Amino acid sequence: MRRNLFVLLAIFSLFSVHAEEKRIARTADLGTVRSSWTTVCGGSVVAPPVETDYGFAVFTDGRMIWGSSAKGTILWQKGIRGKVSPYMAAYRDFLYVITDAKKLNLVNPSGTTLWTVDLGFDATETPLVGRDGRVFVRGRGTLACYGLNGVRKWMLDTEKAMPGIPLLTFNDGTLLAVSSELKNGKSTGVRISPFGDLLENITFTGKIITAVSCDYGILISQDDQTIALCSTENGSAISKWVANSLVKANFIRICPAKTGKTAAFFSQKKSRAETVIVDITTGKKINQFSAGELKLSETSFLRSTEIGWYISDEKYATEFTEDGTVIWIATLPKKNKWDYIFYTEENNVVICSKDWSMRGYLMNQTVTKKTQPKKNDSSYISFSSVSTSTASSLNVERLSVESLAEISRAFDTGDYGSKERIWLNSLKNESQTLLWDYNSLLQSSHDGLSYFTANPVYTQSLITTLAKTGTNSFSKDFADILLAEKDPARLALAIQQAGKEAYDADGEMLSALATIGQTKLTPRDTSSLRLLCDATYEICRFMGKPALLKKGKDILSYLFYPQFDKGTRDYARQTLTKIMNLEL
């Protein structure tokens, strides 16, 4: 009892500078207390745990990926081919995983590997996921971009990356690749569009020590004792603000807040971590305090939380608020007993131990209002949307059948680069015009037919091309097209292409297919009903979410009713079996 009291007092003394005793809510020694939960992984964790919509995922040396809830419940475990690497990134609840140093894999929310491609170079850092699901992978002197369908969009030769500075994202979605080469002792970099355009070369005012992306741009610290926010305005990169270092040390850790407009800058001040809270929009100092006895060069995990920030090194972990209030502090087990540490949204410190176990410690039972997960299902498209009030909507300049065929072929073969920006905008404009046409009461042109009805080859080519973009930008369009289409032949094509689109984050395409099966197709439409079964399966296979698998099974079960012929019922049963096998 006396020994435990001594340990708690010792921990308190380490973290008490600039804080009063009443401001520390909880202390713990995670090397001695019992964990809230324990899970055995069957191998050593070889990559930092990655946060997902369902919780987090870990990659083990047994070539297994494990999906877990934030509270430690194992949701699935699946094998993956190839030698493991420390590079894994999440896109919502999908995972981009590097294996064999040069292979990129897309893993769905149930752990199924959807595709694997050979990069042609060794990846040197964790992939960066873009706004619409595309992923950027960096090598020693190469940068490549792939779509959700595994097709390479572009590849560039680049300067070697500065060690410790990963590929970054500006507020407009463009990329910053910082070079290892200095110019007169100052860091340099290149800004690149999501479509592979080299936009501008940038020279900074000093050598970059660390940098992170945030909603407002890129926060950096430099060896000239300055911190800054780099943003883009009017198509160019600018320094939004530059401030002198607020303590006499180089900042080596930066973390934007989960909510609001602030960021925490951490610097080493002797044996302690000095924390400065800054308004991201102005660079103005809001608060300054000690985060405790932490060695920032050995930071094991850092993240913003619902109430402030979590940070840990190899010995200690703590969570604190913007005003410096320490919520809890903990001593960690000896470093030789674990590989990685992670802090979940459910306030669990997760320790990935060398004995193949994951142990979770609930550190804060205070119920906080959870912010909605930030969905990166946004787009790089900036099209001119068609309004139903625009009388000249049908006169929008559109792509030709020949140009649609060219785009379709390019989407199949890849490496189309900067052309994609124009293509995506044109395709979005056309898909919205098509939907306007479906819903318009005017339905007029010089011959009394709408453009899309009068040009069926063009319309069919458009629907087919929309399914090949490798982005998240058209799944809702497909759902709307499915619900609005009245022509049987075009409806059959739309059903088929919805299955090739496959990405259906919110289940809108599946909901549309359910409506079609029950209200738009008759038992005599046997060919279209089979296409509906196929599309349902392809979406379920790609998405892998339990809720969407259930929705898919419901769609197929409806086709068991006696009004459908034996061939349709049998095909639906076979497809249902295939979906059930996805759950194994």
# chains A, B, ... in the order shown; residues from 1 in each chain; ligands from 1
$ residues_around --residues "region 467-473 of chain A" --least-positions-apart "6" --cutoff "8 Å" --atoms "only C-alpha atoms" --output "list in words"
Asp132, Gly133, Arg134, Gly147, Leu148, Asn149, Gly150, Val151, Asp377, Ser378, Ser379, Ser408, Phe411, Asp412, Leu424, Gln497, Ala498, Lys500, Glu501 and Tyr503 of chain A
$ residues_around --residues "Tyr316 (chain A)" --least-positions-apart "4" --cutoff "12 Å" --atoms "only C-alpha atoms" --output "PyMOL selection string"
chain A and resi 11-12+14-15+27-31+272-273+291-296+298-301+310-312+328-335+341+349
$ closest_residue --among "A:Val84, A:Leu556, A:Ala144, A:Ala57" --to "Gly414 (chain A)" --atoms "only C-alpha atoms"
A:Ala144
$ residues_around --residues "region 252-257 of chain A" --least-positions-apart "3" --cutoff "8 Å" --atoms "only C-alpha atoms" --output "PyMOL selection string"
chain A and resi 209-212+214+219-221+260-268+296-297+302-305+308-309
$ write_last_selection --atoms "C-alpha atoms" --output "mmCIF file, in the first residue's frame"
data_model
loop_
_atom_site.group_PDB
_atom_site.id
_atom_site.type_symbol
_atom_site.label_atom_id
_atom_site.label_comp_id
_atom_site.auth_asym_id
_atom_site.auth_seq_id
_atom_site.Cartn_x
_atom_site.Cartn_y
_atom_site.Cartn_z
ATOM 1 C CA ILE A 209 11.720 20.641 -38.251
ATOM 2 C CA THR A 210 8.205 19.216 -38.388
ATOM 3 C CA ALA A 211 4.978 19.813 -40.277
ATOM 4 C CA VAL A 212 1.361 18.604 -40.182
ATOM 5 C CA CYS A 214 -4.873 20.795 -40.869
ATOM 6 C CA LEU A 219 1.434 24.009 -39.817
ATOM 7 C CA ILE A 220 5.237 24.015 -39.705
ATOM 8 C CA SER A 221 8.068 24.709 -37.307
ATOM 9 C CA GLY A 260 -12.228 24.363 -33.172
ATOM 10 C CA LYS A 261 -9.382 26.460 -34.549
ATOM 11 C CA THR A 262 -6.481 25.691 -32.236
ATOM 12 C CA ALA A 263 -3.344 23.570 -32.294
ATOM 13 C CA ALA A 264 -0.881 22.363 -29.676
ATOM 14 C CA PHE A 265 2.829 22.962 -30.314
ATOM 15 C CA PHE A 266 5.160 20.821 -28.173
ATOM 16 C CA SER A 267 8.814 21.587 -27.521
ATOM 17 C CA GLN A 268 11.442 20.034 -25.298
ATOM 18 C CA LEU A 296 9.425 14.271 -27.342
ATOM 19 C CA SER A 297 12.098 12.516 -29.409
ATOM 20 C CA LEU A 302 0.015 11.921 -30.225
ATOM 21 C CA ARG A 303 -3.542 12.840 -31.108
ATOM 22 C CA SER A 304 -6.267 15.358 -30.434
ATOM 23 C CA THR A 305 -9.244 14.130 -28.428
ATOM 24 C CA GLY A 308 -8.016 18.243 -25.670
ATOM 25 C CA TRP A 309 -4.864 16.264 -26.488
#
